[in-house]
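protein-v1.pdb follows (PDB, C-alpha atoms (C1' of nucleotides)):
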```pdb
ATOM      1  CA  MET A   1     -53.915  73.248  -4.701
ATOM      2  CA  GLY A   2     -57.661  72.766  -4.492
ATOM      3  CA  GLU A   3     -59.563  74.663  -1.880
ATOM      4  CA  ALA A   4     -61.893  71.698  -1.455
ATOM      5  CA  ILE A   5     -59.041  69.518  -0.309
ATOM      6  CA  LYS A   6     -58.050  72.106   2.240
ATOM      7  CA  GLU A   7     -61.600  72.147   3.517
ATOM      8  CA  LEU A   8     -61.658  68.382   3.846
ATOM      9  CA  LEU A   9     -58.622  68.510   6.115
ATOM     10  CA  LYS A  10     -60.155  71.237   8.252
ATOM     11  CA  LYS A  11     -63.458  69.427   8.463
ATOM     12  CA  ASN A  12     -61.576  66.462   9.897
ATOM     13  CA  HIS A  13     -59.678  68.558  12.421
ATOM     14  CA  MET A  14     -56.290  68.159  10.830
ATOM     15  CA  SER A  15     -53.653  70.797  10.342
ATOM     16  CA  VAL A  16     -53.293  71.874   6.748
ATOM     17  CA  THR A  17     -49.768  71.018   5.636
ATOM     18  CA  ASP A  18     -48.044  70.722   2.301
ATOM     19  CA  SER A  19     -47.541  66.965   2.560
ATOM     20  CA  ARG A  20     -51.148  66.316   3.374
ATOM     21  CA  LEU A  21     -52.428  68.558   0.595
ATOM     22  CA  GLN A  22     -50.100  66.948  -1.884
ATOM     23  CA  ILE A  23     -50.953  63.373  -0.911
ATOM     24  CA  LEU A  24     -54.671  64.012  -0.764
ATOM     25  CA  ASP A  25     -54.481  65.690  -4.139
ATOM     26  CA  MET A  26     -52.815  62.581  -5.532
ATOM     27  CA  PHE A  27     -55.678  60.433  -4.347
ATOM     28  CA  TYR A  28     -58.210  62.723  -5.962
ATOM     29  CA  HIS A  29     -56.453  62.593  -9.287
ATOM     30  CA  ALA A  30     -55.260  58.985  -9.279
ATOM     31  CA  PRO A  31     -57.063  56.525 -11.542
ATOM     32  CA  GLY A  32     -57.161  53.965  -8.736
ATOM     33  CA  ALA A  33     -55.672  53.018  -5.436
ATOM     34  CA  LEU A  34     -52.185  54.081  -4.378
ATOM     35  CA  ALA A  35     -49.447  52.212  -2.570
ATOM     36  CA  HIS A  36     -46.897  53.857  -0.314
ATOM     37  CA  ALA A  37     -44.306  53.517  -3.055
ATOM     38  CA  ASP A  38     -46.546  55.219  -5.621
ATOM     39  CA  ILE A  39     -46.867  58.241  -3.410
ATOM     40  CA  GLU A  40     -43.171  58.372  -2.712
ATOM     41  CA  LYS A  41     -42.425  58.312  -6.432
ATOM     42  CA  ARG A  42     -45.014  60.836  -7.495
ATOM     43  CA  ALA A  43     -44.326  63.461  -4.855
ATOM     44  CA  SER A  44     -43.024  66.498  -6.668
ATOM     45  CA  ASP A  45     -41.232  68.068  -3.737
ATOM     46  CA  LYS A  46     -39.942  65.059  -1.893
ATOM     47  CA  ILE A  47     -41.860  63.919   1.141
ATOM     48  CA  ASP A  48     -40.079  61.846   3.753
ATOM     49  CA  ARG A  49     -40.933  58.140   3.856
ATOM     50  CA  VAL A  50     -41.921  58.400   7.463
ATOM     51  CA  THR A  51     -44.215  61.330   6.813
ATOM     52  CA  ILE A  52     -45.991  59.314   4.137
ATOM     53  CA  TYR A  53     -46.519  56.415   6.518
ATOM     54  CA  ARG A  54     -47.865  58.730   9.175
ATOM     55  CA  THR A  55     -50.060  60.661   6.791
ATOM     56  CA  LEU A  56     -51.623  57.497   5.425
ATOM     57  CA  GLN A  57     -52.236  56.242   8.926
ATOM     58  CA  THR A  58     -53.858  59.495   9.967
ATOM     59  CA  PHE A  59     -56.031  59.623   6.857
ATOM     60  CA  GLU A  60     -57.175  56.106   7.533
ATOM     61  CA  GLU A  61     -58.012  56.850  11.143
ATOM     62  CA  LYS A  62     -60.004  59.863  10.045
ATOM     63  CA  GLY A  63     -61.992  57.852   7.556
ATOM     64  CA  ILE A  64     -60.616  59.630   4.499
ATOM     65  CA  ILE A  65     -58.952  56.608   2.939
ATOM     66  CA  HIS A  66     -59.208  52.843   3.433
ATOM     67  CA  THR A  67     -56.836  49.973   2.820
ATOM     68  CA  ILE A  68     -57.544  47.385   0.169
ATOM     69  CA  PRO A  69     -56.848  43.708   0.901
ATOM     70  CA  THR A  70     -55.279  42.715  -2.407
ATOM     71  CA  ALA A  71     -54.686  39.096  -3.332
ATOM     72  CA  ASP A  72     -50.919  39.535  -3.362
ATOM     73  CA  ASN A  73     -50.982  41.048   0.114
ATOM     74  CA  SER A  74     -49.531  44.371  -0.931
ATOM     75  CA  VAL A  75     -50.940  47.404   0.841
ATOM     76  CA  LYS A  76     -52.958  49.877  -1.192
ATOM     77  CA  TYR A  77     -55.109  52.809  -0.195
ATOM     78  CA  ALA A  78     -58.101  54.477  -1.797
ATOM     79  CA  LEU A  79     -60.449  57.328  -0.977
ATOM     80  CA  CYS A  80     -63.483  56.551   1.105
ATOM     81  CA  LYS A  81     -66.906  57.690   0.118
ATOM     82  CA  ASP A  82     -68.559  60.180   2.443
ATOM     83  CA  GLN A  83     -70.210  57.599   4.663
ATOM     84  CA  CYS A  84     -66.952  56.814   6.422
ATOM     85  CA  ALA A  85     -66.835  58.544   9.764
ATOM     86  CA  GLU A  86     -63.839  59.142  11.961
ATOM     87  CA  GLY A  87     -62.649  55.880  13.427
ATOM     88  CA  HIS A  88     -65.247  53.803  11.692
ATOM     89  CA  HIS A  89     -65.218  52.572   8.120
ATOM     90  CA  HIS A  90     -68.152  51.431   6.095
ATOM     91  CA  ASP A  91     -66.398  50.224   2.992
ATOM     92  CA  ASN A  92     -68.464  47.320   1.867
ATOM     93  CA  HIS A  93     -67.819  47.532  -1.840
ATOM     94  CA  VAL A  94     -65.951  45.138  -4.096
ATOM     95  CA  HIS A  95     -62.434  45.981  -5.274
ATOM     96  CA  PHE A  96     -61.034  45.188  -8.681
ATOM     97  CA  VAL A  97     -57.360  44.577  -9.431
ATOM     98  CA  CYS A  98     -56.129  44.411 -13.014
ATOM     99  CA  ASP A  99     -53.756  41.493 -13.525
ATOM    100  CA  ASN A 100     -52.083  43.284 -16.376
ATOM    101  CA  CYS A 101     -51.532  46.904 -15.332
ATOM    102  CA  GLY A 102     -52.021  46.436 -11.601
ATOM    103  CA  LYS A 103     -54.553  49.218 -11.370
ATOM    104  CA  THR A 104     -56.734  48.829  -8.313
ATOM    105  CA  ILE A 105     -60.200  50.275  -8.366
ATOM    106  CA  CYS A 106     -63.061  50.661  -5.919
ATOM    107  CA  LEU A 107     -66.300  49.454  -7.446
ATOM    108  CA  ASP A 108     -68.364  51.673  -5.225
ATOM    109  CA  ASP A 109     -71.635  50.459  -6.651
ATOM    110  CA  VAL A 110     -70.907  46.757  -6.304
ATOM    111  CA  LEU A 111     -71.614  45.641  -2.774
ATOM    112  CA  VAL A 112     -69.988  42.618  -1.192
ATOM    113  CA  PRO A 113     -72.664  39.913  -1.194
ATOM    114  CA  GLU A 114     -73.680  38.136   1.977
ATOM    115  CA  VAL A 115     -72.659  34.522   2.377
ATOM    116  CA  LYS A 116     -74.098  31.856   4.613
ATOM    117  CA  LEU A 117     -71.407  30.584   6.975
ATOM    118  CA  PRO A 118     -71.253  27.208   8.695
ATOM    119  CA  LYS A 119     -72.511  27.004  12.272
ATOM    120  CA  GLY A 120     -70.349  28.696  14.852
ATOM    121  CA  PHE A 121     -68.900  31.470  12.741
ATOM    122  CA  GLN A 122     -69.972  34.960  13.668
ATOM    123  CA  PRO A 123     -69.252  37.363  10.784
ATOM    124  CA  GLN A 124     -68.377  40.997  11.366
ATOM    125  CA  GLN A 125     -66.985  42.275   8.093
ATOM    126  CA  SER A 126     -66.503  40.929   4.596
ATOM    127  CA  ASN A 127     -63.995  41.818   1.918
ATOM    128  CA  MET A 128     -64.035  40.867  -1.705
ATOM    129  CA  VAL A 129     -61.414  41.419  -4.376
ATOM    130  CA  VAL A 130     -61.890  40.488  -7.984
ATOM    131  CA  ASN A 131     -58.844  40.039 -10.192
ATOM    132  CA  GLY A 132     -59.003  40.220 -13.955
ATOM    133  CA  PHE A 133     -58.533  42.724 -16.767
ATOM    134  CA  CYS A 134     -59.646  46.307 -16.716
ATOM    135  CA  ASN A 135     -61.178  48.226 -19.561
ATOM    136  CA  ASP A 136     -57.791  49.298 -20.905
ATOM    137  CA  CYS A 137     -56.163  45.894 -20.719
ATOM    138  CA  ARG A 138     -58.747  43.383 -21.888
ATOM    139  CA  SER A 139     -58.211  41.644 -25.176
TER     140      SER A 139
ATOM    141  CA  MET B   1     -43.603  10.983   9.049
ATOM    142  CA  GLY B   2     -46.615   9.990   6.988
ATOM    143  CA  GLU B   3     -46.084   8.004   3.861
ATOM    144  CA  ALA B   4     -48.944   9.849   2.212
ATOM    145  CA  ILE B   5     -47.086  13.122   2.528
ATOM    146  CA  LYS B   6     -44.049  11.586   0.904
ATOM    147  CA  GLU B   7     -46.202  10.382  -1.950
ATOM    148  CA  LEU B   8     -47.671  13.851  -2.439
ATOM    149  CA  LEU B   9     -44.202  15.268  -2.909
ATOM    150  CA  LYS B  10     -43.263  12.572  -5.393
ATOM    151  CA  LYS B  11     -46.495  12.970  -7.300
ATOM    152  CA  ASN B  12     -45.614  16.624  -7.750
ATOM    153  CA  HIS B  13     -42.075  15.881  -8.917
ATOM    154  CA  MET B  14     -40.340  17.284  -5.897
ATOM    155  CA  SER B  15     -37.389  15.838  -4.043
ATOM    156  CA  VAL B  16     -38.323  14.406  -0.690
ATOM    157  CA  THR B  17     -36.468  16.344   1.993
ATOM    158  CA  ASP B  18     -36.815  16.711   5.736
ATOM    159  CA  SER B  19     -37.838  20.357   5.564
ATOM    160  CA  ARG B  20     -40.556  19.695   3.051
ATOM    161  CA  LEU B  21     -41.912  16.721   4.950
ATOM    162  CA  GLN B  22     -41.924  18.654   8.166
ATOM    163  CA  ILE B  23     -43.620  21.731   6.728
ATOM    164  CA  LEU B  24     -46.195  19.736   4.809
ATOM    165  CA  ASP B  25     -46.923  17.735   7.917
ATOM    166  CA  MET B  26     -47.568  20.974   9.793
ATOM    167  CA  PHE B  27     -50.139  22.020   7.245
ATOM    168  CA  TYR B  28     -51.920  18.695   7.520
ATOM    169  CA  HIS B  29     -52.151  18.971  11.279
ATOM    170  CA  ALA B  30     -52.711  22.712  11.676
ATOM    171  CA  PRO B  31     -56.174  23.911  12.665
ATOM    172  CA  GLY B  32     -56.034  26.645  10.054
ATOM    173  CA  ALA B  33     -53.724  28.602   7.831
ATOM    174  CA  LEU B  34     -50.064  29.119   8.673
ATOM    175  CA  ALA B  35     -47.846  32.156   8.346
ATOM    176  CA  HIS B  36     -44.128  32.012   7.721
ATOM    177  CA  ALA B  37     -43.500  32.858  11.367
ATOM    178  CA  ASP B  38     -45.761  30.040  12.588
ATOM    179  CA  ILE B  39     -43.730  27.541  10.654
ATOM    180  CA  GLU B  40     -40.458  28.937  11.883
ATOM    181  CA  LYS B  41     -41.635  28.673  15.480
ATOM    182  CA  ARG B  42     -43.106  25.204  15.248
ATOM    183  CA  ALA B  43     -40.242  23.541  13.424
ATOM    184  CA  SER B  44     -38.798  20.984  15.805
ATOM    185  CA  ASP B  45     -35.381  20.734  14.214
ATOM    186  CA  LYS B  46     -34.767  24.268  13.090
ATOM    187  CA  ILE B  47     -35.328  25.072   9.453
ATOM    188  CA  ASP B  48     -33.593  28.067   7.974
ATOM    189  CA  ARG B  49     -35.806  31.086   7.295
ATOM    190  CA  VAL B  50     -34.764  31.116   3.677
ATOM    191  CA  THR B  51     -35.605  27.460   3.234
ATOM    192  CA  ILE B  52     -39.077  28.138   4.575
ATOM    193  CA  TYR B  53     -39.595  30.970   2.108
ATOM    194  CA  ARG B  54     -38.444  28.809  -0.744
ATOM    195  CA  THR B  55     -40.463  25.802   0.336
ATOM    196  CA  LEU B  56     -43.644  27.845   0.600
ATOM    197  CA  GLN B  57     -43.028  29.327  -2.805
ATOM    198  CA  THR B  58     -42.441  25.924  -4.351
ATOM    199  CA  PHE B  59     -45.519  24.450  -2.716
ATOM    200  CA  GLU B  60     -47.574  27.317  -4.033
ATOM    201  CA  GLU B  61     -46.247  26.911  -7.556
ATOM    202  CA  LYS B  62     -47.035  23.218  -7.423
ATOM    203  CA  GLY B  63     -50.593  23.864  -6.337
ATOM    204  CA  ILE B  64     -50.194  22.276  -2.913
ATOM    205  CA  ILE B  65     -50.890  25.394  -0.881
ATOM    206  CA  HIS B  66     -52.435  28.780  -1.635
ATOM    207  CA  THR B  67     -52.054  32.228  -0.102
ATOM    208  CA  ILE B  68     -54.902  33.891   1.692
ATOM    209  CA  PRO B  69     -55.517  37.595   1.103
ATOM    210  CA  THR B  70     -56.198  38.684   4.661
ATOM    211  CA  ALA B  71     -57.604  42.088   5.474
ATOM    212  CA  ASP B  72     -54.514  43.133   7.397
ATOM    213  CA  ASN B  73     -52.262  42.185   4.509
ATOM    214  CA  SER B  74     -50.347  39.552   6.395
ATOM    215  CA  VAL B  75     -49.394  36.510   4.358
ATOM    216  CA  LYS B  76     -50.906  33.165   5.294
ATOM    217  CA  TYR B  77     -50.929  29.828   3.540
ATOM    218  CA  ALA B  78     -53.318  26.901   3.553
ATOM    219  CA  LEU B  79     -53.571  23.540   1.836
ATOM    220  CA  CYS B  80     -55.303  23.385  -1.499
ATOM    221  CA  LYS B  81     -57.954  20.858  -2.248
ATOM    222  CA  ASP B  82     -57.114  18.352  -4.950
ATOM    223  CA  GLN B  83     -58.471  20.386  -7.813
ATOM    224  CA  CYS B  84     -55.446  22.680  -7.796
ATOM    225  CA  ALA B  85     -53.091  21.732 -10.581
ATOM    226  CA  GLU B  86     -49.488  22.713 -10.986
ATOM    227  CA  GLY B  87     -49.262  26.363 -11.867
ATOM    228  CA  HIS B  88     -52.973  26.938 -11.727
ATOM    229  CA  HIS B  89     -55.081  27.420  -8.639
ATOM    230  CA  HIS B  90     -58.794  26.922  -8.366
ATOM    231  CA  ASP B  91     -59.376  28.103  -4.840
ATOM    232  CA  ASN B  92     -62.768  29.665  -4.995
ATOM    233  CA  HIS B  93     -63.833  29.226  -1.414
ATOM    234  CA  VAL B  94     -64.401  31.853   1.245
ATOM    235  CA  HIS B  95     -61.821  32.370   4.014
ATOM    236  CA  PHE B  96     -62.620  33.219   7.590
ATOM    237  CA  VAL B  97     -60.314  35.137   9.929
ATOM    238  CA  CYS B  98     -61.077  35.346  13.635
ATOM    239  CA  ASP B  99     -60.620  38.875  14.962
ATOM    240  CA  ASN B 100     -59.899  37.532  18.408
ATOM    241  CA  CYS B 101     -57.530  34.583  18.068
ATOM    242  CA  GLY B 102     -56.374  35.272  14.535
ATOM    243  CA  LYS B 103     -57.133  31.765  13.364
ATOM    244  CA  THR B 104     -57.588  31.658   9.610
ATOM    245  CA  ILE B 105     -59.742  28.964   8.120
ATOM    246  CA  CYS B 106     -60.697  27.802   4.639
ATOM    247  CA  LEU B 107     -64.442  27.400   4.371
ATOM    248  CA  ASP B 108     -64.148  24.854   1.626
ATOM    249  CA  ASP B 109     -67.879  24.459   1.275
ATOM    250  CA  VAL B 110     -68.674  28.145   1.011
ATOM    251  CA  LEU B 111     -68.050  29.303  -2.528
ATOM    252  CA  VAL B 112     -67.284  32.886  -3.406
ATOM    253  CA  PRO B 113     -70.481  34.250  -4.939
ATOM    254  CA  GLU B 114     -70.488  35.780  -8.394
ATOM    255  CA  VAL B 115     -70.920  39.522  -8.637
ATOM    256  CA  LYS B 116     -72.032  41.585 -11.580
ATOM    257  CA  LEU B 117     -69.296  44.009 -12.546
ATOM    258  CA  PRO B 118     -69.687  47.311 -14.380
ATOM    259  CA  LYS B 119     -69.072  47.309 -18.135
ATOM    260  CA  GLY B 120     -65.482  46.843 -19.206
ATOM    261  CA  PHE B 121     -64.249  44.719 -16.336
ATOM    262  CA  GLN B 122     -63.268  41.181 -17.235
ATOM    263  CA  PRO B 123     -63.125  39.045 -14.082
ATOM    264  CA  GLN B 124     -60.707  36.145 -13.781
ATOM    265  CA  GLN B 125     -60.654  35.238 -10.099
ATOM    266  CA  SER B 126     -62.454  36.337  -6.968
ATOM    267  CA  ASN B 127     -61.362  36.303  -3.372
ATOM    268  CA  MET B 128     -63.477  36.760  -0.319
ATOM    269  CA  VAL B 129     -62.439  36.997   3.303
ATOM    270  CA  VAL B 130     -64.865  37.250   6.166
ATOM    271  CA  ASN B 131     -63.673  38.590   9.499
ATOM    272  CA  GLY B 132     -65.481  37.918  12.738
ATOM    273  CA  PHE B 133     -65.400  35.488  15.633
ATOM    274  CA  CYS B 134     -64.804  31.771  15.396
ATOM    275  CA  ASN B 135     -66.567  29.073  17.336
ATOM    276  CA  ASP B 136     -64.083  29.276  20.210
ATOM    277  CA  CYS B 137     -64.088  33.052  20.525
ATOM    278  CA  ARG B 138     -67.673  34.195  20.109
ATOM    279  CA  SER B 139     -69.448  35.604  23.098
TER     280      SER B 139
ATOM    281  C1'  DT C   1     -24.731  -0.415  -3.690
ATOM    282  C1'  DA C   2     -21.928   3.323  -5.344
ATOM    283  C1'  DC C   3     -21.197   7.073  -8.029
ATOM    284  C1'  DA C   4     -22.246  11.024 -11.076
ATOM    285  C1'  DT C   5     -25.718  14.472 -11.617
ATOM    286  C1'  DA C   6     -29.242  17.345 -10.094
ATOM    287  C1'  DT C   7     -31.532  19.536  -6.465
ATOM    288  C1'  DT C   8     -31.907  21.615  -2.070
ATOM    289  C1'  DT C   9     -30.137  23.728   2.030
ATOM    290  C1'  DG C  10     -27.908  27.126   5.045
ATOM    291  C1'  DC C  11     -25.155  31.083   5.472
ATOM    292  C1'  DA C  12     -23.881  35.832   4.554
ATOM    293  C1'  DA C  13     -25.009  39.856   2.481
ATOM    294  C1'  DT C  14     -28.366  42.879   0.617
ATOM    295  C1'  DT C  15     -32.776  45.110  -0.135
ATOM    296  C1'  DA C  16     -37.424  46.345   1.084
ATOM    297  C1'  DT C  17     -40.781  47.647   4.450
ATOM    298  C1'  DG C  18     -42.288  49.607   8.597
ATOM    299  C1'  DT C  19     -41.627  51.819  13.432
ATOM    300  C1'  DT C  20     -39.876  54.946  17.170
ATOM    301  C1'  DG C  21     -37.729  59.005  19.581
ATOM    302  C1'  DC C  22     -36.591  63.498  19.252
ATOM    303  C1'  DA C  23     -35.252  68.175  17.827
ATOM    304  C1'  DA C  24     -36.418  71.572  14.340
ATOM    305  C1'  DA C  25     -39.923  73.521  11.495
ATOM    306  C1'  DT C  26     -44.546  74.638  10.609
ATOM    307  C1'  DT C  27     -49.345  75.458  11.745
ATOM    308  C1'  DT C  28     -52.878  76.894  14.779
ATOM    309  C1'  DT C  29     -54.804  79.570  18.470
ATOM    310  C1'  DA C  30     -55.509  83.514  20.926
TER     311       DA C  30
ATOM    312  C1'  DT D   1     -47.512  88.395  16.387
ATOM    313  C1'  DA D   2     -46.101  85.287  19.982
ATOM    314  C1'  DA D   3     -47.001  81.064  22.617
ATOM    315  C1'  DA D   4     -48.785  76.476  22.295
ATOM    316  C1'  DA D   5     -49.728  72.501  19.657
ATOM    317  C1'  DT D   6     -48.885  69.748  15.856
ATOM    318  C1'  DT D   7     -46.214  67.950  12.170
ATOM    319  C1'  DT D   8     -42.004  66.993   9.782
ATOM    320  C1'  DG D   9     -37.463  64.967   8.735
ATOM    321  C1'  DC D  10     -33.594  62.616  10.340
ATOM    322  C1'  DA D  11     -31.266  58.817  12.455
ATOM    323  C1'  DA D  12     -31.564  54.578  14.359
ATOM    324  C1'  DC D  13     -33.754  50.423  14.749
ATOM    325  C1'  DA D  14     -36.725  46.319  13.738
ATOM    326  C1'  DT D  15     -38.710  43.014  10.772
ATOM    327  C1'  DA D  16     -39.634  40.764   6.349
ATOM    328  C1'  DA D  17     -38.024  39.068   2.096
ATOM    329  C1'  DT D  18     -34.547  38.101  -1.747
ATOM    330  C1'  DT D  19     -30.133  36.652  -3.928
ATOM    331  C1'  DG D  20     -25.633  34.261  -4.797
ATOM    332  C1'  DC D  21     -22.965  30.625  -3.703
ATOM    333  C1'  DA D  22     -20.648  26.684  -1.591
ATOM    334  C1'  DA D  23     -21.737  22.592   1.090
ATOM    335  C1'  DA D  24     -24.981  18.998   1.887
ATOM    336  C1'  DT D  25     -28.493  15.965   0.441
ATOM    337  C1'  DA D  26     -31.414  13.432  -2.814
ATOM    338  C1'  DT D  27     -32.112  11.058  -7.223
ATOM    339  C1'  DG D  28     -31.210   8.234 -11.332
ATOM    340  C1'  DT D  29     -28.339   4.818 -13.363
ATOM    341  C1'  DA D  30     -24.900   1.457 -13.921
TER     342       DA D  30
END
```
Let me see the file written as structure tokens.
Amino acid sequence: MGEAIKELLKKNHMSVTDSRLQILDMFYHAPGALAHADIEKRASDKIDRVTIYRTLQTFEEKGIIHTIPTADNSVKYALCKDQCAEGHHHDNHVHFVCDNCGKTICLDDVLVPEVKLPKGFQPQQSNMVVNGFCNDCRS
Amino acid sequence: MGEAIKELLKKNHMSVTDSRLQILDMFYHAPGALAHADIEKRASDKIDRVTIYRTLQTFEEKGIIHTIPTADNSVKYALCKDQCAEGHHHDNHVHFVCDNCGKTICLDDVLVPEVKLPKGFQPQQSNMVVNGFCNDCRS
DNA sequence: TACATATTTGCAATTATGTTGCAAATTTTA
DNA sequence: TAAAATTTGCAACATAATTGCAAATATGTA
């Protein structure tokens, strides 16, 4: 298991455990975002459901992963880029969801555009998800 | 119960039933989007949970309501504007969710801006949700 | 209007998803 | 290496959503 992953846990003041290494490793090798169920399925030595929930929650709190607000309201997680600090996310990129294969991808270089709101609305954070076909699935 | 609502059901080839009239009426009088639980609570003569699920699903299929992809992955529904046809939605407006009161509102006049995607991605539909404070809740 | 047909509803049962408390196991600290 | 702190897995619970089916309601037609 990668030494870099171990370091990332230590840097964030988390104990280094098998579950955490395994889950974090999955994120680093996954082609896109992962749902709770994906992780449960892919875990080689079985990890308890509850542990997965708690690990994901901890990772999110630490700014290692972020949730993606998909159009079908399923919960997916993806790695944050380095600018995410503990307790405060700065994920302002667009997400892409393939309608065919379901793959969910962070478009780190595509920023969510600003929009002008009607009077009275005070914006704090914007999310944008684009559905369509990914490179592998387009006709 | 409004005659117009009855007509809407007929126009969409749906049987006119109490549950459907009542739920549709709620949408027409609600200040914003409604979740399943909201409907269950507000129903004067109790509607079965299952009936609510099925009614919402039918309405969505018929293009009468659409789901809103909120950042916290809770499921909310709101009325579609007339351009939504059966089986095909055209909801390309921005949604606003108040972080304080939770009210979820369709900003029908604010269109989701286009974004330029990296090579290989074929967009079909975009969703945008802005979180912040609504008129009633801002400081 | 009345009846046959089609649709919808409500109930019970089942499945999926997420949370909590706690003892045992593991990791960290010293 | 041993004590302290953290994490894990289990069991129990809570909530959300789906399915099959019989009873109730709505629709079309004579």
For Ser15 in chain A: contacts at 8 Å, all atoms listed in the file, fewer than 3 positions along chain excluded, given as a PyMOL selection string: (chain A and resi 9-10) or (chain C and resi 27-28) or (chain D and resi 6)
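A distance cut-off of 12 Å around (-34.1, 50.1, 4.3), counting all atoms listed in the file, selects these protein and nucleic acid residues: Arg49 and Val50 of chain A; DT14, DT15, DA16, DT17, DG18 and DT19 of chain C; DA12, DC13, DA14, DT15, DA16 and DA17 of chain D.
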Dump as CSV the rows for residues of range 14-132 of chain A within 9 Å of range 107-130 of chain B: closest atom pair and distance in Å with one decimal, all atoms listed in the file counted, ordered by chain and rising residue number.
```
residue,atom,partner,partner_atom,distance
A:Thr70,CA,B:Asn127,CA,8.9
A:Ala71,CA,B:Asn127,CA,7.2
A:Val94,CA,B:Val115,CA,8.8
A:Phe96,CA,B:Phe121,CA,8.3
A:Cys98,CA,B:Phe121,CA,8.8
A:Asp99,CA,B:Gln124,CA,8.8
A:Leu107,CA,B:Pro118,CA,8.0
A:Asp109,CA,B:Pro118,CA,8.6
A:Val110,CA,B:Leu117,CA,7.0
A:Leu111,CA,B:Val115,CA,8.5
A:Val112,CA,B:Val115,CA,8.1
A:Pro113,CA,B:Pro113,CA,7.1
A:Glu114,CA,B:Pro113,CA,8.6
A:Val115,CA,B:Pro113,CA,7.6
A:Lys116,CA,B:Val110,CA,7.5
A:Leu117,CA,B:Val110,CA,7.0
A:Pro118,CA,B:Leu107,CA,8.1
A:Pro123,CA,B:Val130,CA,6.4
A:Gln124,CA,B:Val130,CA,7.3
A:Gln125,CA,B:Val130,CA,5.8
A:Ser126,CA,B:Val130,CA,4.3
A:Asn127,CA,B:Val129,CA,5.3
A:Met128,CA,B:Met128,CA,4.4
A:Val129,CA,B:Asn127,CA,5.2
A:Val130,CA,B:Ser126,CA,4.3
A:Asn131,CA,B:Gln125,CA,5.1
A:Gly132,CA,B:Pro123,CA,4.3
```
Gap from CA of Lys62 in chain B to CA of Gly102 in chain B - Å, one decimal: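 Spanning CA of Lys62 in chain B to CA of Gly102 in chain B is a straight-line distance of 26.7 Å.
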Hits from the PyMOL selection byres ((chain C and resi 11) around 10), listed as a VMD selection string: (chain B and resid 48 50) or (chain C and resid 9 to 10 12 to 13) or (chain D and resid 21 to 22)
Neighbour residues at most 12 Å from (-29.2, 17.0, -9.3) (only C-alpha atoms (C1' of nucleotides)) as a PyMOL selection string: (chain B and resi 14-15) or (chain C and resi 4-8) or (chain D and resi 25-28)
Counting all atoms listed in the file, chain A residues within 12 Å of chain C, as a VMD selection string: chain A and resid 10 13 to 19 36 to 37 49 to 54 57 74 to 75
Contact set, chain D to chain A: 9 Å, only C-alpha atoms (C1' of nucleotides), as a PyMOL selection string: chain D and resi 6-9
Determine, counting only C-alpha atoms (C1' of nucleotides), which protein, DNA and RNA residues have an atom within 9 Å of an atom of Pro31 in chain B; residues of the same chain fewer than 5 positions away are not included. Present the result as an mmCIF file with C-alpha atoms, in the frame of the given file.
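And here is the file that came out, out17.cif:
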```cif
data_model
loop_
_atom_site.group_PDB
_atom_site.id
_atom_site.type_symbol
_atom_site.label_atom_id
_atom_site.label_comp_id
_atom_site.auth_asym_id
_atom_site.auth_seq_id
_atom_site.Cartn_x
_atom_site.Cartn_y
_atom_site.Cartn_z
ATOM 1 C CA LYS B 103 -57.133 31.765 13.364
ATOM 2 C CA THR B 104 -57.588 31.658 9.610
ATOM 3 C CA ILE B 105 -59.742 28.964 8.120
#
```
Residues near Met26 in chain B, cut-off 9 Å, only C-alpha atoms (C1' of nucleotides), skip fewer than 4 positions along chain, as a list in words: Leu21, Gln22, Ala30, Leu34, Ile39, Arg42 and Ala43 of chain B
Nearest-residue call for Tyr28 in chain A, choices A:Asn92, A:Lys41, A:Cys101, A:Leu8, using only C-alpha atoms: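 Under the stated criterion, the closest residue is A:Leu8.
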For chain A, the nearest of the candidates B:Thr67, B:Asn100, B:Ser139, B:Asn73, counting only C-alpha atoms: B:Asn73
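Reported to one decimal place, the separation of CA of Asp72 in chain B from CA of Asp72 in chain A is 11.9 Å.
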Atomic separation - C1' of DT19 in chain D relative to CA of Ile23 in chain B, Å: 22.8 Å
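Closest approach to chain B among A:Ile68, A:Leu79, A:Cys106, A:Ala35: A:Ile68, based on all atoms listed in the file.
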I'd like the box whose edges run along x, y and z of the file and which contains every listed atom of range 123-126 of chain A, padded by 4 Å per side; could you state its centre and edge lengths in Å, one decimal, as lines of an AutoDock Vina configuration file?
```
center_x = -67.9
center_y = 39.8
center_z = 8.0
size_x = 10.7
size_y = 12.9
size_z = 14.8
```
Pick from B:Pro69, B:Asp45, B:Lys76, B:His90, whichever lies nearest to chain A using all atoms listed in the file: B:Pro69
